[in-house]
>>> print(open('start_12.txt').read())   # compact mmCIF, C-alpha atoms (C1' of nucleotides)
# COMPACT_ATOMS: atom_id res chain seq x y z
CA MET A 1194 -12.43 -11.08 11.79
CA ALA A 1195 -14.22 -11.10 8.48
CA ASP A 1196 -17.46 -10.90 10.42
CA GLU A 1197 -16.30 -7.78 12.16
CA GLN A 1198 -15.41 -6.13 8.92
CA ALA A 1199 -18.69 -7.19 7.41
CA GLU A 1200 -20.45 -5.73 10.40
CA GLU A 1201 -18.60 -2.52 9.93
CA ILE A 1202 -19.61 -2.31 6.33
CA ARG A 1203 -23.21 -3.29 6.84
CA SER A 1204 -23.83 -1.32 9.97
CA ASP A 1205 -26.09 1.63 9.56
CA ARG A 1206 -26.12 3.31 12.84
CA GLY A 1207 -27.44 6.59 11.71
CA GLY A 1208 -28.25 9.25 14.19
CA GLU A 1209 -25.29 11.15 15.42
CA PRO A 1210 -24.83 14.17 13.21
CA GLY A 1211 -21.26 14.81 12.16
CA CYS A 1212 -19.91 11.76 13.89
CA GLU A 1213 -20.87 8.89 11.66
CA PRO A 1214 -20.30 8.96 7.95
CA ASP A 1215 -23.51 7.39 6.70
CA GLY A 1216 -25.34 7.44 3.47
CA PRO A 1217 -23.14 8.17 0.49
CA LEU A 1218 -20.12 9.15 2.56
CA GLY A 1219 -20.28 5.94 4.55
CA VAL A 1220 -20.43 3.93 1.35
CA TRP A 1221 -17.33 5.61 0.06
CA PHE A 1222 -15.43 5.15 3.30
CA ALA A 1223 -16.36 1.49 3.19
CA PHE A 1224 -15.25 1.27 -0.43
CA PHE A 1225 -11.83 2.71 0.26
CA ASN A 1226 -11.51 0.49 3.30
CA GLU A 1227 -12.14 -2.57 1.11
CA VAL A 1228 -9.66 -1.30 -1.45
CA GLY A 1229 -7.01 -0.96 1.22
CA ILE A 1230 -7.55 -4.47 2.51
CA LEU A 1231 -7.72 -5.99 -0.95
CA HIS A 1232 -4.50 -4.27 -1.79
CA GLN A 1233 -2.87 -5.63 1.32
CA LEU A 1234 -4.06 -9.17 0.65
CA SER A 1235 -3.19 -9.22 -3.03
CA ARG A 1236 0.22 -7.73 -2.49
CA THR A 1237 1.00 -10.28 0.20
CA LEU A 1238 -0.18 -13.13 -2.02
CA PHE A 1239 1.72 -12.02 -5.10
CA GLU A 1240 4.95 -11.28 -3.28
CA ALA A 1241 4.84 -14.67 -1.62
CA ARG A 1242 4.97 -16.23 -5.08
CA LEU A 1243 7.59 -13.97 -6.59
CA PRO A 1244 11.29 -14.68 -6.02
CA ASP A 1245 12.84 -13.27 -2.86
CA GLY A 1246 13.46 -9.54 -3.01
CA VAL A 1247 11.07 -9.05 -5.89
CA THR A 1248 8.13 -6.84 -4.96
CA LEU A 1249 4.78 -6.24 -6.55
CA PRO A 1250 5.91 -2.84 -7.87
CA HIS A 1251 8.80 -4.60 -9.61
CA PHE A 1252 6.50 -7.05 -11.34
CA SER A 1253 3.95 -4.37 -12.12
CA VAL A 1254 6.49 -2.23 -13.94
CA LEU A 1255 7.75 -5.16 -16.00
CA ASN A 1256 4.20 -6.13 -16.85
CA HIS A 1257 3.35 -2.57 -17.79
CA LEU A 1258 6.34 -2.24 -20.11
CA ILE A 1259 5.24 -5.40 -21.88
CA ARG A 1260 1.54 -4.76 -22.02
CA VAL A 1261 1.57 -1.05 -22.73
CA ARG A 1262 4.87 -0.01 -24.25
CA ASP A 1263 8.55 -0.51 -23.70
CA GLY A 1264 10.88 2.48 -23.38
CA GLN A 1265 8.76 4.65 -21.17
CA THR A 1266 10.16 7.40 -18.99
CA PRO A 1267 10.36 7.08 -15.21
CA ARG A 1268 7.92 9.96 -15.02
CA ALA A 1269 5.32 8.20 -17.16
CA LEU A 1270 5.66 5.05 -15.10
CA ALA A 1271 5.30 6.98 -11.85
CA GLU A 1272 2.12 8.55 -13.17
CA ALA A 1273 0.76 5.26 -14.44
CA PHE A 1274 1.03 3.76 -10.98
CA GLN A 1275 0.29 6.97 -9.13
CA VAL A 1276 3.43 6.84 -7.05
CA PRO A 1277 5.84 9.70 -6.34
CA LYS A 1278 8.80 10.08 -8.69
CA THR A 1279 11.24 9.13 -5.98
CA SER A 1280 9.37 5.93 -5.25
CA MET A 1281 9.55 4.98 -8.89
CA THR A 1282 13.23 5.85 -9.01
CA HIS A 1283 13.77 3.41 -6.19
CA THR A 1284 11.73 0.67 -7.86
CA LEU A 1285 13.57 1.09 -11.14
CA ALA A 1286 16.92 0.98 -9.37
CA GLY A 1287 15.98 -2.42 -7.99
CA LEU A 1288 14.96 -3.68 -11.42
CA GLU A 1289 18.11 -2.37 -13.03
CA ALA A 1290 20.27 -3.94 -10.31
CA ARG A 1291 18.68 -7.28 -11.22
CA GLY A 1292 19.38 -6.75 -14.89
CA LEU A 1293 15.68 -6.78 -15.71
CA ILE A 1294 15.64 -3.29 -17.22
CA ALA A 1295 18.15 -0.93 -18.76
CA MET A 1296 17.89 2.83 -18.38
CA ARG A 1297 19.14 4.93 -21.25
CA ALA A 1298 19.15 8.64 -22.04
CA ASN A 1299 15.91 9.79 -23.61
CA PRO A 1300 16.71 11.21 -27.09
CA GLU A 1301 13.71 13.53 -26.86
CA ASP A 1302 14.49 15.14 -23.56
CA GLY A 1303 17.94 15.74 -22.14
CA ARG A 1304 16.68 15.59 -18.56
CA SER A 1305 15.01 12.27 -19.01
CA LYS A 1306 15.60 8.56 -19.38
CA GLN A 1307 13.80 5.69 -21.00
CA VAL A 1308 13.25 2.38 -19.31
CA TRP A 1309 13.84 -0.61 -21.54
CA LEU A 1310 13.18 -4.25 -20.79
CA THR A 1311 16.12 -6.59 -21.11
CA GLU A 1312 15.70 -10.08 -22.49
CA GLU A 1313 16.09 -11.28 -18.95
CA GLY A 1314 13.36 -8.92 -17.89
CA ARG A 1315 10.97 -10.33 -20.46
CA ARG A 1316 11.73 -13.88 -19.44
CA PHE A 1317 11.41 -12.93 -15.81
CA ARG A 1318 8.00 -11.38 -16.31
CA ASN A 1319 6.72 -14.41 -18.18
CA GLU A 1320 7.99 -16.68 -15.46
CA ALA A 1321 6.32 -14.47 -12.87
CA ILE A 1322 3.01 -14.80 -14.66
CA ARG A 1323 3.43 -18.54 -14.57
CA LEU A 1324 4.22 -18.42 -10.85
CA LEU A 1325 1.11 -16.34 -10.18
CA SER A 1326 -1.25 -18.18 -12.46
CA ASP A 1327 -2.29 -21.00 -10.17
CA ASP A 1328 -3.43 -18.64 -7.46
CA VAL A 1329 -5.17 -16.31 -9.83
CA ALA A 1330 -6.85 -19.25 -11.53
CA ALA A 1331 -8.04 -20.47 -8.16
CA ILE A 1332 -9.55 -17.07 -7.46
CA ALA A 1333 -11.16 -17.07 -10.90
CA SER A 1334 -12.77 -20.42 -10.25
CA ALA A 1335 -14.10 -19.35 -6.87
CA ILE A 1336 -15.50 -15.98 -7.84
CA ASP A 1337 -17.47 -15.09 -10.94
CA THR A 1338 -14.98 -13.37 -13.21
CA GLU A 1339 -17.83 -11.85 -15.22
CA ARG A 1340 -18.81 -9.77 -12.24
CA ILE A 1341 -15.23 -8.59 -11.83
CA ALA A 1342 -15.07 -7.70 -15.50
CA ALA A 1343 -18.32 -5.80 -15.08
CA ALA A 1344 -16.93 -3.89 -12.13
CA LEU A 1345 -13.70 -2.87 -13.82
CA PRO A 1346 -15.12 0.14 -15.66
CA LEU A 1347 -16.46 1.52 -12.38
CA LEU A 1348 -13.11 1.09 -10.67
CA ALA A 1349 -11.44 2.77 -13.62
CA GLU A 1350 -13.90 5.62 -13.36
CA VAL A 1351 -13.07 6.20 -9.71
CA ARG A 1352 -9.39 5.99 -10.51
CA ARG A 1353 -9.76 8.52 -13.31
CA TYR A 1354 -11.69 10.90 -11.13
CA LEU A 1355 -9.12 10.73 -8.35
CA ASP A 1356 -6.30 11.11 -10.83
CA GLU A 1357 -7.85 14.16 -12.48
CA ASN A 1358 -8.78 15.79 -9.22
CA ARG A 1359 -5.70 15.34 -7.14
CA MET B 1064 -1.39 8.34 -18.45
CA ALA B 1065 -4.97 7.35 -17.74
CA ASP B 1066 -5.25 6.47 -21.42
CA GLU B 1067 -2.31 4.15 -21.20
CA GLN B 1068 -3.77 2.36 -18.26
CA ALA B 1069 -7.10 2.14 -19.99
CA GLU B 1070 -5.37 0.70 -22.99
CA GLU B 1071 -3.70 -1.86 -20.81
CA ILE B 1072 -6.96 -2.91 -19.32
CA ARG B 1073 -8.86 -3.02 -22.56
CA SER B 1074 -6.20 -4.57 -24.67
CA ASP B 1075 -6.88 -8.09 -25.72
CA ARG B 1076 -3.81 -9.15 -27.52
CA GLY B 1077 -4.42 -12.83 -27.36
CA GLY B 1078 -2.19 -15.19 -29.16
CA GLU B 1079 1.01 -15.92 -27.34
CA PRO B 1080 0.44 -18.96 -25.19
CA GLY B 1081 1.81 -18.65 -21.68
CA CYS B 1082 2.99 -15.10 -22.14
CA GLU B 1083 -0.15 -13.03 -21.91
CA PRO B 1084 -2.65 -13.45 -19.17
CA ASP B 1085 -5.90 -13.12 -21.07
CA GLY B 1086 -9.42 -14.20 -20.47
CA PRO B 1087 -10.25 -14.67 -16.82
CA LEU B 1088 -6.64 -14.37 -15.66
CA GLY B 1089 -6.18 -11.10 -17.47
CA VAL B 1090 -9.33 -9.73 -15.92
CA TRP B 1091 -8.06 -10.56 -12.46
CA PHE B 1092 -4.64 -9.07 -13.10
CA ALA B 1093 -6.37 -5.92 -14.29
CA PHE B 1094 -8.57 -5.92 -11.22
CA PHE B 1095 -5.68 -6.13 -8.81
CA ASN B 1096 -3.85 -3.49 -10.79
CA GLU B 1097 -6.81 -1.13 -10.37
CA VAL B 1098 -6.98 -1.95 -6.69
CA GLY B 1099 -3.33 -1.05 -6.26
CA ILE B 1100 -3.72 2.27 -8.01
CA LEU B 1101 -6.92 3.13 -6.21
CA HIS B 1102 -5.23 2.38 -2.95
CA GLN B 1103 -2.34 4.63 -3.86
CA LEU B 1104 -4.61 7.49 -4.88
CA SER B 1105 -6.94 7.24 -1.91
CA ARG B 1106 -4.14 6.97 0.57
CA THR B 1107 -2.42 10.02 -0.88
CA LEU B 1108 -5.65 12.00 -0.81
CA PHE B 1109 -6.61 11.07 2.72
CA GLU B 1110 -3.15 11.62 4.18
CA ALA B 1111 -2.98 15.02 2.54
CA ARG B 1112 -6.03 16.01 4.55
CA LEU B 1113 -5.01 14.48 7.85
CA PRO B 1114 -2.69 16.35 10.22
CA ASP B 1115 1.03 15.98 9.65
CA GLY B 1116 2.39 12.64 10.77
CA VAL B 1117 -1.02 11.02 10.83
CA THR B 1118 -1.30 8.18 8.33
CA LEU B 1119 -4.23 6.35 6.85
CA PRO B 1120 -3.58 3.30 9.04
CA HIS B 1121 -3.79 5.57 12.08
CA PHE B 1122 -7.16 6.92 11.03
CA SER B 1123 -8.40 3.50 9.97
CA VAL B 1124 -7.69 1.99 13.37
CA LEU B 1125 -9.46 4.82 15.18
CA ASN B 1126 -12.41 4.53 12.83
CA HIS B 1127 -12.52 0.78 13.31
CA LEU B 1128 -12.51 1.04 17.10
CA ILE B 1129 -15.46 3.41 16.90
CA ARG B 1130 -17.47 1.65 14.25
CA VAL B 1131 -16.85 -1.92 15.26
CA ARG B 1132 -15.82 -2.13 18.90
CA ASP B 1133 -13.48 -0.46 21.32
CA GLY B 1134 -11.01 -2.49 23.35
CA GLN B 1135 -9.84 -4.86 20.64
CA THR B 1136 -6.54 -6.71 20.78
CA PRO B 1137 -3.64 -5.79 18.53
CA ARG B 1138 -3.99 -9.21 16.98
CA ALA B 1139 -7.64 -8.65 16.07
CA LEU B 1140 -6.82 -5.29 14.56
CA ALA B 1141 -3.95 -6.71 12.53
CA GLU B 1142 -6.31 -9.37 11.17
CA ALA B 1143 -9.03 -6.86 10.42
CA PHE B 1144 -6.69 -4.87 8.24
CA GLN B 1145 -4.70 -7.83 6.99
CA VAL B 1146 -1.39 -6.45 8.08
CA PRO B 1147 1.41 -8.26 9.90
CA LYS B 1148 1.40 -8.07 13.68
CA THR B 1149 4.57 -6.02 13.72
CA SER B 1150 3.09 -3.49 11.35
CA MET B 1151 0.10 -3.08 13.64
CA THR B 1152 2.38 -2.80 16.65
CA HIS B 1153 4.09 0.09 14.97
CA THR B 1154 0.83 1.78 14.03
CA LEU B 1155 -0.53 1.46 17.55
CA ALA B 1156 2.70 2.85 18.99
CA GLY B 1157 2.17 5.97 16.91
CA LEU B 1158 -1.42 6.33 18.07
CA GLU B 1159 -0.47 5.82 21.69
CA ALA B 1160 2.35 8.35 21.41
CA ARG B 1161 -0.27 10.87 20.27
CA GLY B 1162 -2.52 10.04 23.16
CA LEU B 1163 -5.26 8.83 20.84
CA ILE B 1164 -5.36 5.30 22.27
CA ALA B 1165 -4.40 3.61 25.51
CA MET B 1166 -3.09 0.04 25.65
CA ARG B 1167 -3.95 -1.97 28.73
CA ALA B 1168 -3.42 -5.55 29.78
CA ASN B 1169 -6.10 -7.88 28.44
CA PRO B 1170 -7.86 -9.48 31.43
CA GLU B 1171 -8.68 -12.54 29.36
CA ASP B 1172 -5.20 -13.33 28.14
CA GLY B 1173 -1.99 -12.63 29.98
CA ARG B 1174 -0.01 -12.33 26.77
CA SER B 1175 -2.33 -9.80 25.25
CA LYS B 1176 -3.41 -6.18 25.38
CA GLN B 1177 -6.55 -4.26 24.58
CA VAL B 1178 -6.57 -1.07 22.59
CA TRP B 1179 -8.87 1.59 23.99
CA LEU B 1180 -9.79 4.91 22.49
CA THR B 1181 -9.08 7.98 24.57
CA GLU B 1182 -11.46 10.91 24.61
CA GLU B 1183 -8.89 12.69 22.51
CA GLY B 1184 -8.88 9.78 20.11
CA ARG B 1185 -12.66 9.99 19.68
CA ARG B 1186 -12.51 13.72 19.10
CA PHE B 1187 -9.64 13.28 16.73
CA ARG B 1188 -11.45 10.70 14.63
CA ASN B 1189 -14.55 12.89 14.38
CA GLU B 1190 -12.42 15.82 13.29
CA ALA B 1191 -10.68 13.61 10.74
CA ILE B 1192 -14.06 12.64 9.28
CA ARG B 1193 -14.87 16.29 8.99
CA LEU B 1194 -11.54 16.99 7.28
CA LEU B 1195 -12.16 14.18 4.79
CA SER B 1196 -15.81 14.88 4.13
CA ASP B 1197 -15.50 17.53 1.47
CA ASP B 1198 -13.33 15.38 -0.75
CA VAL B 1199 -15.43 12.29 -0.24
CA ALA B 1200 -18.58 14.29 -0.89
CA ALA B 1201 -17.05 15.58 -4.11
CA ILE B 1202 -16.32 12.02 -5.19
CA ALA B 1203 -19.87 11.03 -4.27
CA SER B 1204 -21.30 13.78 -6.41
CA ALA B 1205 -19.16 12.88 -9.40
CA ILE B 1206 -19.66 9.13 -9.34
CA ASP B 1207 -22.87 7.23 -8.78
CA THR B 1208 -22.67 6.03 -5.20
CA GLU B 1209 -25.35 3.44 -5.87
CA ARG B 1210 -23.00 1.63 -8.18
CA ILE B 1211 -20.30 1.67 -5.54
CA ALA B 1212 -22.74 0.34 -2.99
CA ALA B 1213 -23.69 -2.39 -5.45
CA ALA B 1214 -20.05 -3.32 -5.97
CA LEU B 1215 -19.22 -3.54 -2.29
CA PRO B 1216 -20.52 -7.08 -1.76
CA LEU B 1217 -18.35 -8.29 -4.63
CA LEU B 1218 -15.26 -6.61 -3.20
CA ALA B 1219 -16.08 -8.12 0.17
CA GLU B 1220 -16.41 -11.52 -1.45
CA VAL B 1221 -12.96 -11.26 -3.01
CA ARG B 1222 -11.56 -10.07 0.28
CA ARG B 1223 -13.15 -12.96 2.14
CA TYR B 1224 -11.83 -15.46 -0.36
CA LEU B 1225 -8.30 -14.11 -0.15
CA ASP B 1226 -8.49 -14.00 3.62
CA GLU B 1227 -9.71 -17.57 3.92
CA ASN B 1228 -7.24 -18.94 1.42
CA ARG B 1229 -4.03 -17.28 2.41
C1' DT C 1436 -0.27 -33.10 35.80
C1' DG C 1437 3.41 -32.38 32.71
C1' DC C 1438 5.06 -31.08 28.54
C1' DA C 1439 5.12 -30.18 23.54
C1' DT C 1440 3.22 -26.97 20.62
C1' DT C 1441 1.08 -22.73 19.56
C1' DT C 1442 0.30 -17.94 20.13
C1' DA C 1443 0.50 -12.50 21.48
C1' DG C 1444 3.21 -8.82 21.38
C1' DT C 1445 7.63 -6.66 20.48
C1' DG C 1446 12.87 -5.71 19.86
C1' DC C 1447 15.67 -5.36 16.06
C1' DG C 1448 17.22 -4.65 11.59
C1' DA C 1449 16.58 -4.49 6.47
C1' DT C 1450 14.10 -2.52 2.90
C1' DA C 1451 10.36 0.22 0.86
C1' DT C 1452 8.13 4.59 0.60
C1' DC C 1453 8.32 9.27 -0.07
C1' DG C 1454 9.10 14.39 0.94
C1' DC C 1455 12.61 17.96 0.42
C1' DA C 1456 16.03 20.07 -2.08
C1' DC C 1457 18.95 20.12 -5.83
C1' DT C 1458 21.12 20.13 -10.72
C1' DA C 1459 20.42 20.11 -15.42
C1' DT C 1460 17.25 20.77 -19.05
C1' DA C 1461 12.95 22.33 -21.20
C1' DT C 1462 9.25 25.63 -21.78
C1' DA C 1463 6.90 29.95 -22.02
C1' DG C 1464 6.71 34.77 -22.34
C1' DT C 1465 8.62 39.30 -23.44
C1' DA D 130 17.63 36.37 -27.54
C1' DC D 131 17.06 36.42 -22.79
C1' DT D 132 15.06 35.10 -18.60
C1' DA D 133 11.69 33.44 -15.30
C1' DT D 134 9.40 29.39 -14.44
C1' DA D 135 8.57 24.58 -14.77
C1' DT D 136 10.16 19.92 -15.03
C1' DA D 137 12.96 15.07 -14.95
C1' DG D 138 15.50 12.43 -12.24
C1' DT D 139 17.98 11.63 -7.96
C1' DG D 140 20.76 12.28 -3.41
C1' DC D 141 19.52 12.26 1.16
C1' DG D 142 17.18 11.40 5.25
C1' DA D 143 12.98 10.28 7.97
C1' DT D 144 9.44 7.14 8.65
C1' DA D 145 6.58 3.11 7.47
C1' DT D 146 6.44 -1.71 6.56
C1' DC D 147 7.45 -6.14 7.82
C1' DG D 148 10.25 -10.56 8.51
C1' DC D 149 12.94 -12.92 12.04
C1' DA D 150 13.65 -14.25 16.52
C1' DC D 151 12.44 -14.04 21.11
C1' DT D 152 9.94 -14.17 25.80
C1' DA D 153 5.94 -15.10 28.25
C1' DA D 154 1.53 -17.10 28.37
C1' DA D 155 -2.06 -20.17 26.52
C1' DT D 156 -3.63 -24.46 24.51
C1' DG D 157 -3.90 -29.27 23.55
C1' DC D 158 -2.71 -33.90 24.33
C1' DA D 159 -1.04 -37.98 26.77
>>> encode(input="start_12.txt", output="structure tokens")
Amino acid sequence: MADEQAEEIRSDRGGEPGCEPDGPLGVWFAFFNEVGILHQLSRTLFEARLPDGVTLPHFSVLNHLIRVRDGQTPRALAEAFQVPKTSMTHTLAGLEARGLIAMRANPEDGRSKQVWLTEEGRRFRNEAIRLLSDDVAAIASAIDTERIAAALPLLAEVRRYLDENR
Amino acid sequence: MADEQAEEIRSDRGGEPGCEPDGPLGVWFAFFNEVGILHQLSRTLFEARLPDGVTLPHFSVLNHLIRVRDGQTPRALAEAFQVPKTSMTHTLAGLEARGLIAMRANPEDGRSKQVWLTEEGRRFRNEAIRLLSDDVAAIASAIDTERIAAALPLLAEVRRYLDENR
DNA sequence: TGCATTTAGTGCGATATCGCACTATATAGT
DNA sequence: ACTATATAGTGCGATATCGCACTAAATGCA
């Protein structure tokens, strides 16, 4: 399995014009392929550790509200995670149903709401971090975190480019 | 938006034990966050270019059958992309309905099938590459592809680790 | 050889994702 | 001030994702 994917990534068949994305294009296709698989794997891992019914988008929103700023609008959150508004609406509904957030009218915009963490939401997020820590620590001890840290700016650059050119 | 995410990634709040994943753990959380967003952005971009109803998983399977090997089993494909069997079953059903693949009994295993590209499937995949090329080329001209190529082995390493330790 | 256990693919149903269209509100231009 | 246009959030419905359970076939062990 992993060998087949590695073969796909390493293969350099060249030759057929227009059929095989090689050179720079091939690199980028491989990159996005890796991203897709990494996303799949990490989401599966994280959701296995979170309580039943709690998804990665749930946790990510809670984490974002804590790390970045509480009281953000659904629109801002949707943009932060690059998901459609309706997807974010659905995610927030799940969080609100669990009492982890509260949605209140946005005093600066009559069309809008602000998403606020509840005390339960804060506790929940901290507990989630604890639940995820062992696995993440295991990854950190198996793979050189310095290299990941060094790669982050590049990933952010790609993200920014895609965001600004969509 | 991008600034908020950048702030999240760069922030190093330190201090509260057990509440904030910092140091190596924080780096990994940031990494997986980037991966999730990149996946979202790339999927949206690619699916916007593909014909209506054709998803990234559809294209990815076709591409995989061409680049790696035709005639693979549903199980092998599900493993390659790290998706559940039932998800792959659904994806393949969509491809077969469009006449892009044919599923035939696997002569080596009575329980199994093999997924074969049709001529239409090959043509379709080549056309899809063409449809995606302009955007990917634009990305390649904006961001140093060498750096992406240099990062690929690291991404593959993370993928391999997650795959082997799930 | 017989049988317990495992596995491949899928039917089925629940939930997540997300586009379309809409209402209410904000913004921009005259 | 008025109005055309844009925007925030969501109802609704279609499709994708995926777990559970199952049947049929394969594998491993005594």
>>> closest_residue(input="start_12.txt", among="A:Gly1246, A:Ala1223, A:Leu1234, A:Leu1355", to="DA1449 in chain C", atoms="only C-alpha atoms (C1' of nucleotides)")
A:Gly1246
>>> interface_residues(input="start_12.txt", of="chain C", to="chain A", cutoff="10 Å", atoms="all atoms listed in the file", output="list in words")
DT1450, DA1451, DT1452, DC1453, DG1454, DA1459, DT1460 and DA1461 of chain C
>>> residues_around(input="start_12.txt", residues="Leu1347 in chain A", least_positions_apart="2", cutoff="9 Å", atoms="only C-alpha atoms (C1' of nucleotides)", output="PyMOL selection string")
(chain A and resi 1343-1345+1349-1352) or (chain B and resi 1206+1210-1211+1214)
>>> write_last_selection(input="start_12.txt", atoms="C-alpha atoms", output="PDB file, keeping the file's coordinate frame")
ATOM      1  CA  ALA A1343     -18.320  -5.800 -15.080  1.00  0.00           C
ATOM      2  CA  ALA A1344     -16.930  -3.890 -12.130  1.00  0.00           C
ATOM      3  CA  LEU A1345     -13.700  -2.870 -13.820  1.00  0.00           C
ATOM      4  CA  ALA A1349     -11.440   2.770 -13.620  1.00  0.00           C
ATOM      5  CA  GLU A1350     -13.900   5.620 -13.360  1.00  0.00           C
ATOM      6  CA  VAL A1351     -13.070   6.200  -9.710  1.00  0.00           C
ATOM      7  CA  ARG A1352      -9.390   5.990 -10.510  1.00  0.00           C
TER       8      ARG A1352
ATOM      9  CA  ILE B1206     -19.660   9.130  -9.340  1.00  0.00           C
ATOM     10  CA  ARG B1210     -23.000   1.630  -8.180  1.00  0.00           C
ATOM     11  CA  ILE B1211     -20.300   1.670  -5.540  1.00  0.00           C
ATOM     12  CA  ALA B1214     -20.050  -3.320  -5.970  1.00  0.00           C
TER      13      ALA B1214
END
>>> closest_residue(input="start_12.txt", among="D:DT134, D:DT144, D:DT139, D:DT152", to="chain A", atoms="only C-alpha atoms (C1' of nucleotides)")
D:DT139
>>> interface_residues(input="start_12.txt", of="chain D", to="chain A", cutoff="10 Å", atoms="all atoms listed in the file", output="PyMOL selection string")
chain D and resi 136-139
>>> residues_around(input="start_12.txt", residues="DC158 in chain D", least_positions_apart="6", cutoff="10 Å", atoms="only C-alpha atoms (C1' of nucleotides)", output="list of chain:residue names")
C:DC1438, C:DA1439, C:DT1440
>>> residues_around(input="start_12.txt", residues="DT132 in chain D", least_positions_apart="3", cutoff="12 Å", atoms="all atoms listed in the file", output="list in words")
DT1462, DA1463, DG1464 and DT1465 of chain C
>>> atom_distance(input="start_12.txt", atom1="CA of Ala1333 in chain A", atom2="CA of Pro1087 in chain B")
6.5 Å
>>> residues_near_point(input="start_12.txt", point="(9.9, -11.5, -17.1)", cutoff="9 Å", atoms="only C-alpha atoms (C1' of nucleotides)", output="list in words")
Phe1252, Leu1255, Asn1256, Leu1293, Leu1310, Thr1311, Glu1312, Glu1313, Gly1314, Arg1315, Arg1316, Phe1317, Arg1318, Asn1319, Glu1320, Ala1321 and Ile1322 of chain A
>>> atom_distance(input="start_12.txt", atom1="CA of Leu1113 in chain B", atom2="CA of Asp1226 in chain B")
29.0 Å
>>> residues_around(input="start_12.txt", residues="DG140 in chain D", least_positions_apart="2", cutoff="10 Å", atoms="all atoms listed in the file", output="list of chain:residue names")
C:DA1456, C:DC1457, D:DG142
>>> atom_distance(input="start_12.txt", atom1="CA of Ile1164 in chain B", atom2="CA of Val1117 in chain B")
13.5 Å
>>> closest_residue(input="start_12.txt", among="B:Met1166, B:Leu1119, B:Ala1212, B:Val1199", to="DA145 in chain D", atoms="all atoms listed in the file")
B:Leu1119
>>> residues_around(input="start_12.txt", residues="Ile1100 in chain B", least_positions_apart="3", cutoff="6 Å", atoms="all atoms listed in the file", output="MDAnalysis selection string")
(chainID A and resid 1274) or (chainID B and resid 1097 1103)
